Amino acid sequence: MTDLVTEPGTSSATTLIPLLYAARGLRGIGDGFAIIILPAYMTALGYDAVAVGLVATASLLGTALLTLIVGWIAPRHDLRLLLISGAGLMAATGIAFPGVEHFVLIMLVAFIGSINPSGGDLGMLVPLEHAVLAHSATDAQRTQVFARYSLIGALCTAAGSLAAALPDVLMANGSTKLGAFRLMFFAYAALGIACAALYRHVPHERGEEKAPQAPLGPSRVIVYRLAALFSIDAFAGGFVAQSLLVLWLFERFDLSLSAAGLFFFWSSTLSAFSYPVAAWIAKRVGLVNTMVFTHIPSSLFLIAAAFSSNLYLALGLLLLRSALSQMDVPTRTSYVMAVVTPAERPAAASVTAVPRSLASAISPAISGALLMTAFSGLPLVVCGTLKIAYDIALLFSFRHIKPPEEQG
């Protein structure tokens with residue numbers, strides 16, 4: 001595995017971390033409006049919930065494949081080049097979507113492209129950024145660094161959600177509905193170009209090879225066990241991929257595009273401020289306990305929302321869920337980076353991310369079909385139940401495996 005030029009705690013590393021935070025923020029803005037615009041765009045083209053679910057599945061399958069490829073080549077290639085390539089893919093996705101209307105072509109662009117319908121932080125850029133951040137931070141700083149990374153991403157995703165109201169403004173000023181949506185995709189492309197400009201400042205790797213032949217070595221068993229559990233969590237989450245949750249709110253409560261953007265702004269904001277709280281809690285009760293005991297209540301709120309016939313009650317329950325459901329994101333990432341050797345970090349990030357992407361890709365197509373049943377809240381119930389099962393399994397499997405900062 002080739003090492004980055006920067007060393008944890010150095011001035012170069014201190015400069016690099018804010019740069020990656022900025023890139024994460026730009027990607028968050030794009031994700032924030034894209035996950036709302038995508039189902040609205042498809043609905044405007046005349047497609048139903050099943051079609052939206054299939055496109056979400058295609059997108060997540062493509063993400064999984066690309067993340068797996070990145071995981072294999074990252075230990076032997078320049079991370080800066082891979083980061084720039086990922087940003088270029090983001091720009092190409094934004095340019096391609098406005099030019100396609102046929103379902104097969106939409107599926108193809110979704111499969112190859114970078115738009116993430118789940119609302120989670122997935123994609124080829126995630127393990128690359130995680131590896132660079134983990135190398136640039138000390139053990140004592142690591143959880144805080146990932147918490148800030150997640151905080152910035154969620155706050156910018158929240159801002160992007162508000163931008164989803166722009167098509168309403170454009171239509172009020174004479175634009176067609178499809179024309180307004182296409183302009184938003186071009187804005188997504190522009191954000192990808194801005195990310196590429198930032199990644200150009202990431203330092204090159206050193207030339208010496210220090211890795212074993214296999215990308216994963218001594219931590220292989222732990223990583224595979226974590227990947228198996230994370231895939232259960234991701235499969236559950238796919239039932240309420242954000243694009244499908246948007247569609248559920250559209251169809252069950254006739255929510256407008258602007259109102260959906262406002263709701264997801266507050267949802268992402270609550271998630272954002274939960275990240276530093278998660279880091280604070282983790283220092284006191286540990287990473288695994290923080291993941292589990294914040295996750296279970298959020299799943300109960302989700303299940304309750306499925307049975308609500310009142311819009312405001314449903315939105316309130318979903319907001320309570322948002323305040324808790326993402327606390328496992330920085331703690332999970334920090335835990336994975338902590339229990340493997342430094343040389344294994346890019347591969348570990350990829351190996352744990354790929355099953356999550358594959359598992360989450362299966363359920364949106366099922367969820368789309370369930371949304372069209374008599375009880376449209378069924379995907380929310382399935383998601384919450386599976387997530388509780390995952391949390392219990394994670395607690396019993398890993399409560400005794402401590403990261404360095406919790407040992408002794």
# chains A, B, ... in the order shown; residues from 1 in each chain; ligands from 1
>>> residues_around(residues="Thr63 (chain A)", least_positions_apart="3", cutoff="9 Å", atoms="only C-alpha atoms", output="PyMOL selection string")
chain A and resi 58-60+66-68+111-116+122-124+354+357-358+361
>>> closest_atom_pairs(of="region 7-89 of chain A", to="region 233-244 of chain A", cutoff="10 Å", atoms="only C-alpha atoms", output="Markdown table")
| residue | atom | partner | partner_atom | distance |
| --- | --- | --- | --- | --- |
| A:Gly32 | CA | A:Gln242 | CA | 9.9 |
| A:Ala34 | CA | A:Ser243 | CA | 8.9 |
| A:Ile35 | CA | A:Ser243 | CA | 5.2 |
| A:Ile36 | CA | A:Ser243 | CA | 6.0 |
| A:Ile37 | CA | A:Ser243 | CA | 8.5 |
| A:Leu38 | CA | A:Ser243 | CA | 7.2 |
| A:Pro39 | CA | A:Ser243 | CA | 6.0 |
| A:Ala40 | CA | A:Ser243 | CA | 9.0 |
| A:Ala49 | CA | A:Leu244 | CA | 7.8 |
| A:Val50 | CA | A:Leu244 | CA | 9.9 |
| A:Val52 | CA | A:Leu244 | CA | 7.4 |
| A:Gly53 | CA | A:Leu244 | CA | 7.0 |
| A:Ala56 | CA | A:Ser243 | CA | 7.8 |
| A:Thr57 | CA | A:Gly238 | CA | 8.7 |
| A:Leu60 | CA | A:Gly238 | CA | 9.3 |
>>> closest_residue(among="A:Leu155, A:Ala348, A:Ala91, A:Leu320", to="Leu300 (chain A)", atoms="only C-alpha atoms")
A:Leu320
>>> closest_atom_pairs(of="region 256-315 of chain A", to="region 386-407 of chain A", cutoff="12 Å", atoms="only C-alpha atoms", output="CSV")
residue,atom,partner,partner_atom,distance
A:Ala282,CA,A:Glu406,CA,9.6
A:Lys283,CA,A:Glu406,CA,8.2
A:Arg284,CA,A:Glu406,CA,9.5
A:Val285,CA,A:Glu406,CA,9.3
A:Gly286,CA,A:Glu406,CA,6.9
A:Leu287,CA,A:Pro403,CA,8.2
A:Val288,CA,A:Arg399,CA,6.2
A:Asn289,CA,A:Leu395,CA,7.1
A:Thr290,CA,A:Leu395,CA,10.0
A:Met291,CA,A:Asp391,CA,7.8
A:Val292,CA,A:Asp391,CA,5.1
A:Phe293,CA,A:Asp391,CA,8.1
A:Thr294,CA,A:Asp391,CA,9.6
A:His295,CA,A:Asp391,CA,7.1
A:Ile296,CA,A:Ile388,CA,5.5
A:Pro297,CA,A:Ile388,CA,8.8
A:Ser298,CA,A:Ile388,CA,9.3
A:Ser299,CA,A:Lys387,CA,6.6
A:Leu300,CA,A:Ile388,CA,8.4
A:Phe301,CA,A:Ile388,CA,11.6
A:Leu302,CA,A:Lys387,CA,10.5
A:Ile303,CA,A:Lys387,CA,10.8
>>> residues_around(residues="Ser322 (chain A)", least_positions_apart="2", cutoff="12 Å", atoms="only C-alpha atoms", output="count of residues only")
36
>>> atom_distance(atom1="CA of Pro330 (chain A)", atom2="CA of Val70 (chain A)")
21.2 Å
>>> atom_distance(atom1="CA of Leu311 (chain A)", atom2="CA of Leu247 (chain A)")
14.0 Å
>>> atom_distance(atom1="CA of Trp280 (chain A)", atom2="CA of Thr143 (chain A)")
9.3 Å
>>> residues_around(residues="Ala180 (chain A)", least_positions_apart="5", cutoff="7 Å", atoms="only C-alpha atoms", output="ChimeraX atom specification")
/A:167,170-171,175
>>> residues_around(residues="Ala349 (chain A)", least_positions_apart="4", cutoff="7 Å", atoms="only C-alpha atoms", output="MDAnalysis selection string")
chainID A and resid 127 345 353
>>> closest_residue(among="A:Arg182, A:His201, A:His102, A:Lys177", to="Pro18 (chain A)", atoms="only C-alpha atoms")
A:His201
>>> closest_residue(among="A:Ala278, A:Ala304, A:Ile69, A:Leu54", to="Val351 (chain A)", atoms="only C-alpha atoms")
A:Ile69
>>> closest_residue(among="A:Leu45, A:Met90, A:Cys156, A:Leu20", to="Ile106 (chain A)", atoms="only C-alpha atoms")
A:Leu45
>>> closest_residue(among="A:Leu370, A:Leu257, A:Gly217, A:His77", to="Ala163 (chain A)", atoms="only C-alpha atoms")
A:Leu257
